Protein chains: 2
Amino acid sequence: MTTVLAADVGGTNIRLAIVSDKGVILEAVSTPAHFSKRDISAKKLLSTLASAFLDFLDDKTNVTAIGIGFPGFFLGNSGVLSSSPNLPMLKEIDLGKALSNTLGLPVVVQNDALCAAIGEHRFGAGMGRSNIIHITLGTGIGAGLILNNLPYTGEDGMAMEFGHLCINPDDHARVCGCGNTGCLEAYASASAIVSQFEEKSGTQMEAKEIYQYSLNGNKQAKEILLAAGAYLGAAIAEVVKILDIRYVTISGGLSAAWPILHPVLMKHLNARVIPPLKGKITVVRSQLDDKAGLLGAAALAFDIKQLR
Amino acid sequence: MTTVLAADVGGTNIRLAIVSDKGVILEAVSTPAHFSKRDISAKKLLSTLASAFLDFLDDKTNVTAIGIGFPGFFLGNSGVLSSSPNLPMLKEIDLGKALSNTLGLPVVVQNDALCAAIGEHRFGAGMGRSNIIHITLGTGIGAGLILNNLPYTGEDGMAMEFGHLCINPDDHARVCGCGNTGCLEAYASASAIVSQFEEKSGTQMEAKEIYQYSLNGNKQAKEILLAAGAYLGAAIAEVVKILDIRYVTISGGLSAAWPILHPVLMKHLNARVIPPLKGKITVVRSQLDDKAGLLGAAALAFDIKQLR
């Protein structure tokens, strides 16, 4: 059986999987990355990735290509990382070529949030749709766009910076990690939920605990999550006004709070879209959840193989 | 010489022109439409358009096709009007086919704001660019998107509802003609400028007079125009975050206020886009101004001719 190696590179972990052409994960591991340091060099990045891949590949002879989702901006489908907001030392690196030379296999690399969109479109809740907006609600908020069945990257790989849509133009709005104020990510990401709860209650706890608190009737937890859902709905409405796409899928750790997020999100989405589209937008939870990115990277690896 | 008939259908006037394949307007007229009535029927619309076209065509034998920009939503490139926000009686009309049958010529019909984008891309400030966002600043605010050299319509012709992006989420924001609150159009269109000036000063005057007032030092006029420019910049930033497109063209009557609008627009645009794109977006004034829509309709008519 033909398989590919898929990788989802995060700040703290590299997740690796062997994936079949049906999108089945046959084997998976997670290995520490420690990329959260802001001083990682290109050389260190490449050696860390290569060694993680080689360890995992070991004697697997039926792997024909490697697909990687990486947190950064890529120039089209070239595999060239132009920059990475959280790893500012990394600029203009031909990640695809460098890793391909070291590993002796075809390598394709793409933005991690776009990989999640590709995965959801190919194997998940977006199957059979020509156009989807896929949102990853995690520590940060990412998104990817599938347009006419193809991943949309924008002119320099910076499309769908959904987490940085401004949902609060007030001068005193929350400051985002990007440096701007009022970004969606500063209100509705897991890390923003954690920060806001700590500010209100004085207690630091994980987003999933805060969700549990809200279910147990904690007013502060519930308010924060309801506001996050409302902002998410408002931000989706803006994307719909620009693209006229009707189908939205959501993955990521914070999507576990679906029962509280989804109703308020739909209410604010429908309040904001243009009148002919009210009630016409579908927002569903991912069918792949935290595997969307891995499976999208796998899909890209299968595609590269077919092209050669 | 081969020519086409181009039409730009507005609420009060139908503008008609004979256009060469180089985008030169050889002859033009404007004829009253009186479509502003909210009770116009499909039959009345078709007879009004057909008779205006026939009068103008008269004995012009070298016209090979007709292109029409119309204020409404069209299903893809089919010429089928699905609905028109300002003419709610009109629904599901195959405008293209009906007019073609009456006039005996190939007819193509598309959204007026998208026609303006097509015109600017083919013959104006967007020439040679693969991707442009074109904004029409008139009585209302429309926009059109050219993506990979092709007009982008969205799933049901409702893409680029730029004038209805929410730039003020406050509950007490201005009410828009669409029924929502806080839309860009409620602050930065010519009609919004007029309304706001009247509310502040008690005096009703046209947008171009208000612009003249601002140049002469009128504080209220200047404040309203500066706020409009700031909102425009903020709204363009949101589109850039979604699409990663670097080139924006602006036409329409209110673009005459360019000297006051452009600097404040750029300031707010650059404040809002993601950091790697600050300073990277170009916003230019149309080279075709109020002829962008007509010339876009002409371009579509030339294209349809080539397809047949």
# chains A, B, ... in the order shown; residues from 1 in each chain; ligands from 1

$ residues_around --residues "A:Ile245" --least-positions-apart "5" --cutoff "8 Å" --atoms "only C-alpha atoms" --output "PyMOL selection string"
(chain A and resi 131-133+240+281) or (chain B and resi 154-155)

$ interface_residues --of "chain B" --to "chain A" --cutoff "9 Å" --atoms "only C-alpha atoms" --output "JSON, numbers by chain"
{"B": [83, 85, 131, 152, 153, 154, 155, 156, 157, 158, 159, 160, 161, 162, 164, 165, 166, 167, 168, 169, 178, 179, 180, 181, 234, 237, 238, 239, 240, 241, 242, 243, 244, 245, 246, 271, 272, 273, 274, 275, 276, 277]}

$ select_by_dssp --residues "stretch 157-290 of chain B" --states "strand (DSSP E or B)" --output "ChimeraX atom specification"
/B:166,175,181,183,247-251,282-285

$ residues_around --residues "stretch 23-26 of chain A" --least-positions-apart "2" --cutoff "10 Å" --atoms "only C-alpha atoms" --output "list in words"
Thr3, Val4, Leu5, Ala6, Leu16, Ala17, Ile18, Val19, Ser20, Asp21, Ala28, Gly119, Arg122, Phe123, Gly124, Lys291, Leu294, Leu295, Gly296, Ala298 and Ala299 of chain A

$ select_by_dssp --residues "stretch 61-271 of chain B" --states "helix (DSSP H, G or I)" --output "JSON, numbers by chain"
{"B": [95, 96, 97, 98, 99, 100, 101, 102, 103, 112, 113, 114, 115, 116, 117, 118, 119, 120, 121, 122, 123, 162, 163, 164, 185, 186, 187, 188, 190, 191, 192, 193, 194, 195, 196, 197, 198, 199, 200, 201, 207, 208, 209, 210, 211, 212, 213, 214, 215, 219, 220, 221, 222, 223, 224, 225, 226, 227, 228, 229, 230, 231, 232, 233, 234, 235, 236, 237, 238, 239, 240, 241, 242, 243, 253, 254, 255, 256, 257, 258, 259, 260, 261, 262, 263, 264, 265, 266, 267, 268, 269, 270, 271]}

$ residues_around --residues "B:Thr282" --least-positions-apart "3" --cutoff "10 Å" --atoms "only C-alpha atoms" --output "PDB file with C-alpha atoms, in the first residue's frame"
ATOM      1  CA  ILE B 245      -4.368  41.239  -2.413  1.00  0.00           C
ATOM      2  CA  ARG B 246      -2.143  44.304  -2.619  1.00  0.00           C
ATOM      3  CA  TYR B 247      -3.787  46.549  -5.165  1.00  0.00           C
ATOM      4  CA  VAL B 248      -6.963  48.560  -4.697  1.00  0.00           C
ATOM      5  CA  THR B 249      -8.600  50.940  -7.171  1.00  0.00           C
ATOM      6  CA  MET B 266      -3.881  54.876   4.047  1.00  0.00           C
ATOM      7  CA  GLY B 279       3.138  49.722   3.848  1.00  0.00           C
TER       8      GLY B 279
END

$ residues_around --residues "B:Gln196" --least-positions-apart "3" --cutoff "8 Å" --atoms "only C-alpha atoms" --output "ChimeraX atom specification"
/B:187,192-193,199-200,224

$ residues_around --residues "stretch 286-289 of chain B" --least-positions-apart "6" --cutoff "7 Å" --atoms "only C-alpha atoms" --output "list of chain:residue names"
B:Glu120, B:Gly124, B:Ala125, B:Thr249, B:Ile250, B:Ser251, B:Gly252
